[in-house]
>>> print(open('start06.txt').read())   # compact mmCIF, C-alpha atoms
# COMPACT_ATOMS: atom_id res chain seq x y z
CA MET A 1 -158.79 33.86 46.36
CA ASP A 2 -155.68 31.93 47.35
CA MET A 3 -153.77 30.32 44.51
CA GLU A 4 -151.90 27.03 44.66
CA GLY A 5 -148.45 26.76 43.13
CA THR A 6 -146.12 29.63 42.27
CA PRO A 7 -146.84 32.70 40.15
CA THR A 8 -144.52 31.46 37.41
CA SER A 9 -146.39 28.15 37.25
CA HIS A 10 -149.46 30.18 36.29
CA GLY A 11 -147.56 32.39 33.84
CA PHE A 12 -147.21 35.45 36.10
CA TYR A 13 -144.17 37.72 36.47
CA MET A 14 -143.40 41.04 38.14
CA PRO A 15 -143.24 43.94 35.66
CA GLY A 16 -140.83 46.84 35.99
CA GLU A 17 -142.02 49.84 37.98
CA PHE A 18 -141.60 51.96 34.83
CA GLU A 19 -144.38 49.96 33.12
CA SER A 20 -148.00 51.12 33.17
CA HIS A 21 -149.90 51.26 36.50
CA SER A 22 -153.61 51.03 37.19
CA GLN A 23 -153.17 52.77 40.55
CA THR A 24 -150.91 53.43 43.54
CA TRP A 25 -151.48 52.34 47.15
CA LEU A 26 -150.30 54.25 50.24
CA GLY A 27 -150.79 53.90 53.97
CA TRP A 28 -151.42 56.78 56.38
CA PRO A 29 -148.81 57.48 59.11
CA GLU A 30 -149.88 57.89 62.71
CA ARG A 31 -147.76 56.06 65.29
CA PRO A 32 -146.12 58.67 67.57
CA ASP A 33 -143.17 56.44 68.45
CA ASN A 34 -141.93 56.55 64.86
CA TRP A 35 -143.35 59.75 63.32
CA ARG A 36 -142.53 62.92 65.20
CA ASN A 37 -145.11 65.27 66.65
CA ASN A 38 -147.91 62.69 66.38
CA ALA A 39 -147.15 62.26 62.67
CA ILE A 40 -148.67 65.64 61.82
CA PRO A 41 -145.65 66.88 59.78
CA ALA A 42 -145.38 63.51 58.00
CA GLN A 43 -149.08 63.49 57.16
CA ARG A 44 -148.67 66.81 55.36
CA VAL A 45 -145.91 65.30 53.24
CA PHE A 46 -147.94 62.16 52.54
CA VAL A 47 -150.68 64.46 51.23
CA LYS A 48 -148.13 66.08 48.92
CA VAL A 49 -146.95 62.69 47.68
CA ALA A 50 -150.46 61.31 47.15
CA SER A 51 -151.60 64.50 45.42
CA ALA A 52 -148.58 64.50 43.11
CA ILE A 53 -149.12 60.87 42.14
CA SER A 54 -152.84 61.46 41.57
CA LYS A 55 -152.03 63.82 38.70
CA PHE A 56 -150.66 60.83 36.81
CA GLU A 57 -152.73 57.84 38.02
CA PRO A 58 -155.42 56.89 40.57
CA VAL A 59 -154.41 56.71 44.24
CA THR A 60 -155.84 54.80 47.19
CA VAL A 61 -154.79 55.74 50.72
CA CYS A 62 -155.46 53.33 53.59
CA ALA A 63 -156.00 54.77 57.07
CA SER A 64 -156.90 53.26 60.42
CA ALA A 65 -160.38 53.73 61.90
CA SER A 66 -159.11 56.47 64.23
CA GLN A 67 -157.39 58.31 61.38
CA TRP A 68 -159.83 57.81 58.49
CA SER A 69 -161.64 61.14 58.97
CA ASN A 70 -158.35 62.99 59.38
CA ALA A 71 -156.94 61.48 56.20
CA ARG A 72 -160.17 62.07 54.28
CA ASN A 73 -160.21 65.73 55.34
CA GLN A 74 -156.60 66.34 54.34
CA LEU A 75 -156.56 64.49 51.03
CA PRO A 76 -158.16 65.74 47.79
CA GLU A 77 -161.62 64.33 47.08
CA HIS A 78 -160.51 62.45 43.97
CA ILE A 79 -158.15 60.28 46.06
CA ARG A 80 -159.86 57.18 47.46
CA VAL A 81 -159.50 56.68 51.23
CA VAL A 82 -160.31 53.27 52.70
CA GLU A 83 -160.24 52.09 56.31
CA MET A 84 -157.56 49.54 57.14
CA SER A 85 -155.73 48.53 60.29
CA MET A 86 -151.94 48.66 60.11
CA ASN A 87 -148.97 48.89 62.47
CA ASP A 88 -147.24 51.43 60.25
CA SER A 89 -147.56 52.87 56.77
CA TRP A 90 -144.69 51.33 54.78
CA PHE A 91 -146.80 49.81 52.02
CA ARG A 92 -143.82 49.01 49.80
CA ASP A 93 -142.92 46.37 52.37
CA THR A 94 -146.28 45.25 53.76
CA GLY A 95 -148.42 45.58 50.65
CA PRO A 96 -148.63 42.90 47.96
CA THR A 97 -146.04 42.51 45.23
CA PHE A 98 -148.23 42.60 42.14
CA VAL A 99 -147.56 40.24 39.25
CA VAL A 100 -149.08 40.08 35.76
CA ARG A 101 -149.32 37.79 32.78
CA LYS A 102 -149.88 38.40 29.11
CA ASN A 103 -150.99 34.97 27.90
CA SER A 104 -154.55 34.79 29.20
CA SER A 105 -157.72 36.30 27.75
CA SER A 106 -159.88 35.17 30.66
CA THR A 107 -161.41 37.75 33.02
CA SER A 108 -162.17 35.38 35.89
CA ALA A 109 -160.41 35.85 39.23
CA LEU A 110 -158.85 32.43 39.01
CA ASP A 111 -157.50 33.00 35.52
CA GLY A 112 -157.02 36.76 35.40
CA LYS A 113 -154.09 38.86 34.29
CA VAL A 114 -153.13 40.53 37.61
CA ALA A 115 -152.46 38.86 40.97
CA GLY A 116 -150.47 39.57 44.11
CA ILE A 117 -147.79 37.92 46.23
CA ASP A 118 -148.39 38.07 49.98
CA TRP A 119 -144.91 37.70 51.49
CA ASN A 120 -144.34 36.98 55.15
CA PHE A 121 -143.28 39.98 57.28
CA ASN A 122 -141.49 40.34 60.63
CA SER A 123 -141.03 44.10 61.09
CA TRP A 124 -137.62 44.10 59.37
CA GLY A 125 -135.96 41.73 61.78
CA GLY A 126 -138.30 40.18 64.32
CA ILE A 127 -138.71 40.76 68.05
CA GLU A 128 -135.01 41.25 68.72
CA HIS A 129 -133.93 43.29 65.70
CA GLY A 130 -137.13 44.66 64.15
CA CYS A 131 -138.50 48.20 64.16
CA TYR A 132 -141.50 47.48 66.38
CA GLN A 133 -142.71 44.65 68.57
CA ASP A 134 -146.19 44.01 67.22
CA TRP A 135 -146.75 43.65 63.47
CA GLY A 136 -149.97 41.66 63.62
CA HIS A 137 -151.97 44.17 61.57
CA ASP A 138 -149.25 44.51 58.93
CA LEU A 139 -149.40 40.77 58.25
CA HIS A 140 -152.89 41.27 56.79
CA VAL A 141 -152.32 44.41 54.69
CA ALA A 142 -151.44 42.60 51.46
CA ARG A 143 -154.36 40.20 51.73
CA LYS A 144 -156.82 43.02 52.44
CA ILE A 145 -155.64 45.00 49.42
CA LEU A 146 -156.00 41.96 47.17
CA GLU A 147 -159.48 41.26 48.52
CA ILE A 148 -160.53 44.88 47.94
CA GLU A 149 -159.40 44.54 44.33
CA LYS A 150 -160.75 40.96 44.02
CA LEU A 151 -157.37 39.70 42.81
CA PRO A 152 -155.83 36.25 43.29
CA ARG A 153 -153.34 35.89 46.14
CA PHE A 154 -150.15 33.85 46.19
CA PRO A 155 -149.28 33.31 49.90
CA GLN A 156 -145.61 32.87 50.72
CA SER A 157 -144.02 31.98 54.08
CA VAL A 158 -140.62 33.44 53.16
CA ILE A 159 -139.97 36.79 54.87
CA LEU A 160 -139.38 39.48 52.26
CA GLU A 161 -140.17 43.18 51.93
CA GLY A 162 -140.96 44.87 48.62
CA GLY A 163 -138.21 47.43 49.17
CA SER A 164 -135.61 44.67 49.04
CA ILE A 165 -136.19 43.92 45.34
CA HIS A 166 -136.14 45.82 42.04
CA VAL A 167 -136.92 44.12 38.73
CA ASP A 168 -136.57 45.14 35.10
CA GLY A 169 -139.59 43.17 33.86
CA GLU A 170 -137.34 41.24 31.49
CA GLY A 171 -135.93 38.62 33.82
CA THR A 172 -133.49 40.51 36.07
CA CYS A 173 -133.77 41.28 39.79
CA LEU A 174 -131.56 43.49 41.94
CA THR A 175 -131.21 42.89 45.68
CA THR A 176 -128.65 43.07 48.49
CA GLU A 177 -126.98 40.34 50.48
CA GLU A 178 -127.05 42.63 53.52
CA CYS A 179 -130.85 42.34 53.61
CA LEU A 180 -131.98 39.06 52.09
CA LEU A 181 -129.14 37.03 53.61
CA ASN A 182 -129.53 38.65 57.02
CA LYS A 183 -129.97 36.09 59.79
CA ASN A 184 -132.99 38.05 61.07
CA ARG A 185 -135.05 37.20 57.96
CA ASN A 186 -134.76 33.59 56.73
CA PRO A 187 -131.81 31.95 58.53
CA HIS A 188 -132.96 28.50 57.39
CA LEU A 189 -132.54 29.39 53.69
CA THR A 190 -129.31 29.51 51.70
CA LYS A 191 -128.53 32.14 49.09
CA ALA A 192 -129.29 29.61 46.35
CA GLN A 193 -132.66 28.78 47.91
CA ILE A 194 -133.65 32.45 48.17
CA ASP A 195 -132.52 32.85 44.56
CA ASP A 196 -134.90 30.04 43.60
CA VAL A 197 -137.82 31.62 45.49
CA LEU A 198 -137.30 34.94 43.71
CA LYS A 199 -137.24 33.19 40.35
CA ALA A 200 -140.37 31.17 41.09
CA TYR A 201 -142.38 34.11 42.42
CA LEU A 202 -141.13 37.09 40.39
CA GLY A 203 -140.75 35.31 37.08
CA ILE A 204 -137.10 36.29 36.77
CA LYS A 205 -134.12 34.41 35.35
CA LYS A 206 -131.21 36.16 37.09
CA VAL A 207 -130.62 37.78 40.49
CA ILE A 208 -127.85 40.36 40.74
CA TRP A 209 -126.72 40.37 44.37
CA LEU A 210 -125.13 43.61 45.52
CA PRO A 211 -123.20 43.25 48.79
CA ARG A 212 -124.60 46.13 50.84
CA GLY A 213 -127.30 48.79 50.79
CA LEU A 214 -127.09 52.48 51.67
CA TYR A 215 -124.97 53.44 54.66
CA GLY A 216 -127.17 54.13 57.69
CA ASP A 217 -130.12 52.14 56.38
CA ASP A 218 -130.13 50.01 59.51
CA ASP A 219 -133.93 49.89 59.82
CA THR A 220 -134.25 47.72 56.70
CA ASN A 221 -130.77 46.17 56.75
CA GLY A 222 -129.89 47.71 53.40
CA HIS A 223 -132.94 47.66 51.14
CA ILE A 224 -132.08 47.90 47.46
CA ASP A 225 -134.52 50.77 46.84
CA ASN A 226 -132.36 53.18 48.82
CA LEU A 227 -129.27 52.21 46.85
CA CYS A 228 -130.32 51.81 43.22
CA CYS A 229 -133.15 51.11 40.81
CA PHE A 230 -133.86 50.26 37.19
CA VAL A 231 -134.48 53.23 34.93
CA LYS A 232 -135.34 50.74 32.19
CA PRO A 233 -134.00 47.32 31.21
CA GLY A 234 -130.22 47.51 31.03
CA VAL A 235 -129.97 50.87 32.85
CA VAL A 236 -129.50 51.24 36.63
CA MET A 237 -129.41 54.47 38.65
CA LEU A 238 -127.00 54.16 41.59
CA SER A 239 -126.67 56.26 44.75
CA TRP A 240 -123.22 57.82 44.67
CA THR A 241 -120.77 60.09 46.47
CA ASP A 242 -117.42 61.41 45.33
CA ASP A 243 -116.31 61.91 48.95
CA GLU A 244 -113.87 59.09 49.67
CA THR A 245 -114.12 59.80 53.41
CA ASP A 246 -117.87 59.17 53.43
CA PRO A 247 -118.76 55.64 54.62
CA GLN A 248 -121.13 55.47 51.65
CA TYR A 249 -118.24 55.76 49.19
CA ASP A 250 -117.03 52.17 49.58
CA ARG A 251 -120.58 50.86 49.31
CA SER A 252 -121.23 52.76 46.10
CA VAL A 253 -117.91 51.73 44.56
CA GLU A 254 -118.58 48.14 45.57
CA ALA A 255 -122.00 48.16 43.89
CA PHE A 256 -120.61 49.93 40.82
CA SER A 257 -118.00 47.20 40.46
CA VAL A 258 -120.55 44.38 40.68
CA LEU A 259 -122.90 46.04 38.19
CA SER A 260 -120.04 46.84 35.81
CA ASN A 261 -118.82 43.25 35.78
CA THR A 262 -122.09 41.44 35.20
CA THR A 263 -124.82 41.25 32.59
CA ASP A 264 -128.58 41.14 32.95
CA ALA A 265 -130.81 38.14 32.22
CA LEU A 266 -130.69 38.88 28.50
CA GLY A 267 -126.90 39.17 28.42
CA ARG A 268 -126.74 42.96 28.17
CA SER A 269 -124.06 45.02 29.86
CA ILE A 270 -125.54 47.37 32.44
CA GLN A 271 -125.35 51.12 31.98
CA ILE A 272 -124.91 52.89 35.33
CA ILE A 273 -126.13 56.42 36.07
CA LYS A 274 -124.66 57.96 39.21
CA LEU A 275 -127.06 59.89 41.45
CA HIS A 276 -125.31 61.79 44.23
CA ILE A 277 -126.70 61.41 47.74
CA PRO A 278 -127.60 64.51 49.82
CA GLY A 279 -125.86 65.72 52.91
CA PRO A 280 -124.84 63.80 54.91
CA LEU A 281 -127.92 64.61 56.97
CA TYR A 282 -128.44 63.94 60.68
CA MET A 283 -131.44 63.87 63.01
CA THR A 284 -131.60 67.01 65.14
CA ASP A 285 -132.39 67.21 68.85
CA GLU A 286 -135.73 68.83 68.07
CA GLU A 287 -136.68 66.07 65.65
CA ALA A 288 -135.65 63.31 68.03
CA ASN A 289 -137.49 64.90 70.95
CA GLY A 290 -140.70 64.85 68.90
CA VAL A 291 -140.73 61.05 68.78
CA LEU A 292 -142.20 59.18 71.75
CA MET A 293 -140.11 56.42 73.29
CA ASP A 294 -142.57 53.55 73.31
CA ASN A 295 -142.71 50.26 71.37
CA ALA A 296 -140.75 51.20 68.27
CA LYS A 297 -137.04 51.47 67.51
CA PRO A 298 -135.62 54.61 69.18
CA ARG A 299 -135.01 57.69 67.02
CA LEU A 300 -131.88 59.29 68.44
CA ALA A 301 -130.44 62.75 67.88
CA GLY A 302 -127.27 62.70 65.80
CA THR A 303 -128.27 59.59 63.86
CA ARG A 304 -127.28 59.78 60.20
CA LEU A 305 -130.37 59.67 58.02
CA ALA A 306 -130.57 57.10 55.22
CA ALA A 307 -131.37 59.83 52.71
CA SER A 308 -131.26 58.88 49.05
CA TYR A 309 -132.68 60.40 45.88
CA ALA A 310 -132.78 56.90 44.38
CA ASN A 311 -135.77 56.28 46.64
CA PHE A 312 -138.01 57.98 44.08
CA TYR A 313 -141.22 56.51 42.67
CA ILE A 314 -141.99 56.04 38.97
CA VAL A 315 -145.61 56.67 37.94
CA ASN A 316 -147.39 56.86 34.59
CA GLY A 317 -145.48 59.67 32.90
CA GLY A 318 -143.95 61.06 36.07
CA ILE A 319 -141.23 60.70 38.71
CA ILE A 320 -142.04 61.57 42.33
CA LEU A 321 -138.64 62.61 43.69
CA PRO A 322 -137.71 63.35 47.33
CA GLN A 323 -136.19 66.74 48.13
CA PHE A 324 -134.31 67.11 51.41
CA GLY A 325 -133.61 70.84 51.64
CA ASP A 326 -130.01 70.38 50.46
CA GLN A 327 -130.20 72.87 47.60
CA LYS A 328 -127.07 71.76 45.74
CA TRP A 329 -127.92 68.08 45.61
CA ASP A 330 -131.70 68.58 45.39
CA GLU A 331 -131.20 70.51 42.16
CA GLU A 332 -128.60 68.04 40.89
CA ALA A 333 -130.98 65.14 41.52
CA ILE A 334 -133.73 66.80 39.48
CA ARG A 335 -131.26 67.39 36.64
CA VAL A 336 -129.92 63.82 36.61
CA VAL A 337 -133.32 62.16 36.96
CA SER A 338 -134.89 64.41 34.31
CA LYS A 339 -132.14 63.48 31.87
CA ALA A 340 -132.57 59.78 32.63
CA PHE A 341 -136.35 59.99 32.14
CA PRO A 342 -136.79 62.46 29.23
CA ASN A 343 -140.43 61.46 28.70
CA HIS A 344 -141.44 61.87 32.35
CA GLU A 345 -142.32 64.94 34.39
CA VAL A 346 -140.13 65.07 37.49
CA VAL A 347 -142.03 66.32 40.55
CA GLY A 348 -139.87 67.22 43.53
CA ILE A 349 -141.48 66.71 46.94
CA LYS A 350 -140.19 69.30 49.39
CA GLY A 351 -140.14 68.19 52.99
CA ALA A 352 -139.34 64.55 52.21
CA ARG A 353 -136.97 64.74 55.18
CA GLU A 354 -140.06 64.05 57.33
CA ILE A 355 -140.32 60.59 55.76
CA VAL A 356 -136.64 59.71 56.07
CA LEU A 357 -136.72 60.67 59.75
CA ALA A 358 -138.91 57.59 60.24
CA GLY A 359 -136.65 55.31 58.21
CA GLY A 360 -137.57 55.43 54.53
CA ASN A 361 -138.79 57.63 51.73
CA ILE A 362 -141.21 58.02 48.83
CA HIS A 363 -140.56 54.63 47.25
CA CYS A 364 -140.95 52.98 50.66
CA ILE A 365 -144.44 54.37 51.25
CA THR A 366 -145.85 53.56 47.81
CA GLN A 367 -146.90 50.34 46.08
CA GLN A 368 -147.76 50.21 42.40
CA GLN A 369 -150.59 48.10 41.05
CA PRO A 370 -149.74 47.36 37.42
CA ALA A 371 -152.22 47.81 34.61
CA ILE A 372 -153.60 44.77 32.85
CA PRO A 373 -151.07 43.89 30.14
CA LYS A 374 -152.18 44.50 26.57
>>> encode(input="start06.txt", output="structure tokens")
Amino acid sequence: MDMEGTPTSHGFYMPGEFESHSQTWLGWPERPDNWRNNAIPAQRVFVKVASAISKFEPVTVCASASQWSNARNQLPEHIRVVEMSMNDSWFRDTGPTFVVRKNSSSTSALDGKVAGIDWNFNSWGGIEHGCYQDWGHDLHVARKILEIEKLPRFPQSVILEGGSIHVDGEGTCLTTEECLLNKNRNPHLTKAQIDDVLKAYLGIKKVIWLPRGLYGDDDTNGHIDNLCCFVKPGVVMLSWTDDETDPQYDRSVEAFSVLSNTTDALGRSIQIIKLHIPGPLYMTDEEANGVLMDNAKPRLAGTRLAASYANFYIVNGGIILPQFGDQKWDEEAIRVVSKAFPNHEVVGIKGAREIVLAGGNIHCITQQQPAIPK
């Protein structure tokens, strides 16, 4: 059911990822021009991710008609698998941004407590700069999910991906100028106008604009979820490196400075937790040769991977954390994240390199559906 007006006009807002979920949504990778070796290695890792999440909350995996049986056979029986067309499996960006409200006791669809925003999508940059040429199926992913769940839909013509925003559920949003102000998204909108859209649709009061995202995150033009995230209101975990020769160093210092010199929507100073990046890691010849050159952005040997431990996913009582095979920093990431989330079980996903080879990681492939607020 399509809703008129904005989510905030109906009392909705986007809760923090660390708040309670009713379930998690994932897509199923298959396109051979983005996932190497016909996506077989990536599918194994998606099974690991979905299985890990399912220990904490329900999971639904969406797979195309040609891949439904394959996904069903690989995934545990308790994980729901539904058929859905898609151009690729980045559900953080193509799925709905769920919003909730606490001030309604009605259970009707029109007046319920959970709804979804269906943003516009252009494959992270359109025909000229995007990751693939045809995104027609992806345009319908959010609407299909909302119809499956019988939830109200707020359509929005502004181009925005879920990975470009992080909220604290108390009025503050993090994003990057590199992404949301990129001319390949909404060139007709000013920064102030985009600010207003975020406030009207996410129910926030303040946007903290960080200049740039993670170095090498060219596919998304610097999504915030590769750079930093909210641990809880007033606390941000930031991708970091101590190596001043690393191109990421200036970006991390830049973000640290902005966060250190601002307050959140409630006037609190922001505590920053540094989370060291792995590597640097690069795509090998073997990995590049496994990707077909077809209709997607080329995957070239020697390309620096946009690998970040901050691209983890918070579930009910758990953290699903990428592990890249860099023993020193893999272990450090588990230590830092475990300390930041003392009441969560941190589950490291070995082989997450397979996801970053295609341009993202665990947070990018997941989409949380919040629980009905109490």
>>> residues_around(input="start06.txt", residues="A:Cys131", least_positions_apart="2", cutoff="10 Å", atoms="all atoms listed in the file", output="count of residues only")
20
>>> closest_residue(input="start06.txt", among="A:Lys274, A:Lys374, A:Lys205, A:Lys102", to="A:Asp168", atoms="all atoms listed in the file")
A:Lys205
>>> residues_around(input="start06.txt", residues="A:Gln368", least_positions_apart="4", cutoff="7 Å", atoms="all atoms listed in the file", output="number ranges by chain")
A: 21, 23-25
>>> atom_distance(input="start06.txt", atom1="atom CA of A:Leu305", atom2="atom CA of A:Val235")
26.7 Å
>>> closest_residue(input="start06.txt", among="A:Ile204, A:Val315, A:Leu180, A:Ala301", to="A:Pro370", atoms="all atoms listed in the file")
A:Val315
>>> closest_residue(input="start06.txt", among="A:Val291, A:Val197, A:Ile355, A:Leu238", to="A:Tyr309", atoms="all atoms listed in the file")
A:Leu238
>>> closest_residue(input="start06.txt", among="A:Trp119, A:Phe312, A:Trp329, A:Tyr249", to="A:Arg185", atoms="only C-alpha atoms")
A:Trp119
>>> atom_distance(input="start06.txt", atom1="atom CA of A:Val114", atom2="atom CA of A:Pro373")
8.4 Å
>>> closest_residue(input="start06.txt", among="A:Asp326, A:Asp118, A:Asp264, A:Asp2", to="A:Thr172", atoms="all atoms listed in the file")
A:Asp264
>>> closest_residue(input="start06.txt", among="A:Glu254, A:Glu177, A:Glu287, A:Asp138", to="A:Pro41", atoms="all atoms listed in the file")
A:Glu287
>>> atom_distance(input="start06.txt", atom1="atom CA of A:Val356", atom2="atom CA of A:Ala306")
6.7 Å
>>> residues_around(input="start06.txt", residues="A:Val336", least_positions_apart="2", cutoff="10 Å", atoms="only C-alpha atoms", output="PyMOL selection string")
chain A and resi 237+273-276+331-334+338-341
>>> closest_atom_pairs(input="start06.txt", of="stretch 112-198 of chain A", to="stretch 224-228 of chain A", cutoff="10 Å", atoms="all atoms listed in the file", output="CSV")
residue,atom,partner,partner_atom,distance
A:Gly162,CA,A:Asp225,CA,8.9
A:Gly163,CA,A:Asp225,CA,5.5
A:Ser164,CA,A:Ile224,CA,5.0
A:Ile165,CA,A:Ile224,CA,6.1
A:His166,CA,A:Asp225,CA,7.1
A:Leu174,CA,A:Ile224,CA,7.1
A:Thr175,CA,A:Ile224,CA,5.4
A:Thr176,CA,A:Ile224,CA,6.0
A:Glu177,CA,A:Ile224,CA,9.6
A:Glu178,CA,A:Ile224,CA,9.5
A:Cys179,CA,A:Ile224,CA,8.4
A:Leu180,CA,A:Ile224,CA,10.0
>>> write_last_selection(input="start06.txt", atoms="C-alpha atoms", output="compact mmCIF listing (two decimals), keeping the file's coordinate frame")
# COMPACT_ATOMS: atom_id res chain seq x y z
CA GLY A 162 -140.96 44.87 48.62
CA GLY A 163 -138.21 47.43 49.17
CA SER A 164 -135.61 44.67 49.04
CA ILE A 165 -136.19 43.92 45.34
CA HIS A 166 -136.14 45.82 42.04
CA LEU A 174 -131.56 43.49 41.94
CA THR A 175 -131.21 42.89 45.68
CA THR A 176 -128.65 43.07 48.49
CA GLU A 177 -126.98 40.34 50.48
CA GLU A 178 -127.05 42.63 53.52
CA CYS A 179 -130.85 42.34 53.61
CA LEU A 180 -131.98 39.06 52.09
>>> residues_around(input="start06.txt", residues="A:Met84", least_positions_apart="6", cutoff="8 Å", atoms="all atoms listed in the file", output="PyMOL selection string")
chain A and resi 62-65+141
>>> write_last_selection(input="start06.txt", atoms="C-alpha atoms", output="CSV table (one decimal), in the coordinates of the input")
chain,number,residue,atom,x,y,z
A,62,CYS,CA,-155.5,53.3,53.6
A,63,ALA,CA,-156.0,54.8,57.1
A,64,SER,CA,-156.9,53.3,60.4
A,65,ALA,CA,-160.4,53.7,61.9
A,141,VAL,CA,-152.3,44.4,54.7
>>> residues_around(input="start06.txt", residues="A:Asp330", least_positions_apart="2", cutoff="12 Å", atoms="all atoms listed in the file", output="PyMOL selection string")
chain A and resi 275-279+307-310+321-328+332-337+347-353
